[in-house]
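Since the structure comes first, as structure tokens, the remarks are kept for the end.
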Amino acid sequence: MATHSNHDEHLDPETKAYNDFMSTGNDYVKIELYLYAIKRFQQALLLKPNDSYATERLSYCKSKFNKDNKTIAIVAAAAIIIVALFIFI
């Protein structure tokens, strides 16, 4: 007896696509690939523009992505300063 892990078989194509984008986006969030998650949530919002869950997930990912970029910029700036100090001292 085969079991179906996908319960979307009776849904319309738009809803299936939306569910796929949301599922893929949430998978990317779990592994902290926020840029890919942002793209998936944006695609989901193209199908359902007023969906509050997709909007919330998109905002969350943008926030995390911006925070990660700021952290990387600070670390890079600190590394440049340290290297410059070693070169000129």
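Each chain in the structure tokens gets a letter, A, B, ..., in the order shown, and its residues are numbered from 1; ligands are numbered from 1 in order too.
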
Region 16-25 of chain A: which residues within 12 Å, counting only C-alpha atoms, same-chain residues fewer than 6 positions away excluded, as a PDB file with C-alpha atoms, in the first residue's frame?
ATOM      1  CA  ASN A   6       1.966  15.140  -0.612  1.00  0.00           C
ATOM      2  CA  HIS A   7      -1.585  16.031   0.381  1.00  0.00           C
ATOM      3  CA  ASP A   8      -1.912  18.642  -2.373  1.00  0.00           C
ATOM      4  CA  GLU A   9      -3.181  16.287  -5.064  1.00  0.00           C
ATOM      5  CA  HIS A  10      -6.731  17.716  -4.991  1.00  0.00           C
ATOM      6  CA  ILE A  31      19.407  26.064   6.766  1.00  0.00           C
ATOM      7  CA  GLU A  32      19.778  29.849   6.974  1.00  0.00           C
ATOM      8  CA  LEU A  33      19.860  30.533   3.225  1.00  0.00           C
ATOM      9  CA  TYR A  34      17.817  33.679   3.585  1.00  0.00           C
ATOM     10  CA  LEU A  35      18.338  35.085   0.088  1.00  0.00           C
ATOM     11  CA  TYR A  36      16.866  31.946  -1.500  1.00  0.00           C
ATOM     12  CA  ALA A  37      14.043  31.957   1.048  1.00  0.00           C
ATOM     13  CA  ILE A  38      13.275  35.594   0.218  1.00  0.00           C
ATOM     14  CA  LYS A  39      12.961  34.704  -3.461  1.00  0.00           C
ATOM     15  CA  ARG A  40      10.578  31.819  -2.720  1.00  0.00           C
ATOM     16  CA  PHE A  41       8.371  33.892  -0.423  1.00  0.00           C
ATOM     17  CA  GLN A  42       8.245  36.653  -3.039  1.00  0.00           C
ATOM     18  CA  GLN A  43       7.114  34.089  -5.611  1.00  0.00           C
ATOM     19  CA  ALA A  44       4.439  32.865  -3.190  1.00  0.00           C
ATOM     20  CA  LEU A  45       3.240  36.446  -2.723  1.00  0.00           C
ATOM     21  CA  LEU A  46       2.891  36.848  -6.468  1.00  0.00           C
ATOM     22  CA  LEU A  47       0.305  34.073  -6.328  1.00  0.00           C
ATOM     23  CA  LYS A  48      -1.403  35.268  -3.130  1.00  0.00           C
ATOM     24  CA  PRO A  49      -0.516  38.950  -2.630  1.00  0.00           C
ATOM     25  CA  ASP A  51      -1.222  36.340   2.409  1.00  0.00           C
ATOM     26  CA  TYR A  53       1.962  34.307   6.574  1.00  0.00           C
ATOM     27  CA  ALA A  54       4.059  34.742   3.426  1.00  0.00           C
ATOM     28  CA  THR A  55       4.440  38.449   4.197  1.00  0.00           C
ATOM     29  CA  GLU A  56       5.587  37.665   7.752  1.00  0.00           C
ATOM     30  CA  ARG A  57       8.091  35.055   6.558  1.00  0.00           C
ATOM     31  CA  LEU A  58       9.423  37.462   3.926  1.00  0.00           C
ATOM     32  CA  TYR A  60      11.649  37.768   8.879  1.00  0.00           C
ATOM     33  CA  CYS A  61      14.052  36.627   6.152  1.00  0.00           C
TER      34      CYS A  61
END

Practice item. Go through chain A and collect every residue that DSSP, computed from the backbone, puts in alpha helix (DSSP H); the answer should be as a PyMOL selection string. Key: chain A and resi 13-30+34-47+52-88

Exercise for review: Work out how far CA of Thr15 (chain A) is from CA of Asn66 (chain A), in Å to one decimal.
Suggested key: 29.8 Å

**Study point:** Counting only C-alpha atoms, the option among A:Val29, A:Ala78, A:Val83, A:Ile89 closest to Lys64 (chain A)
**Key:**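 Looking only at the distances to Lys64 (chain A), the closest residue turns out to be A:Val29.
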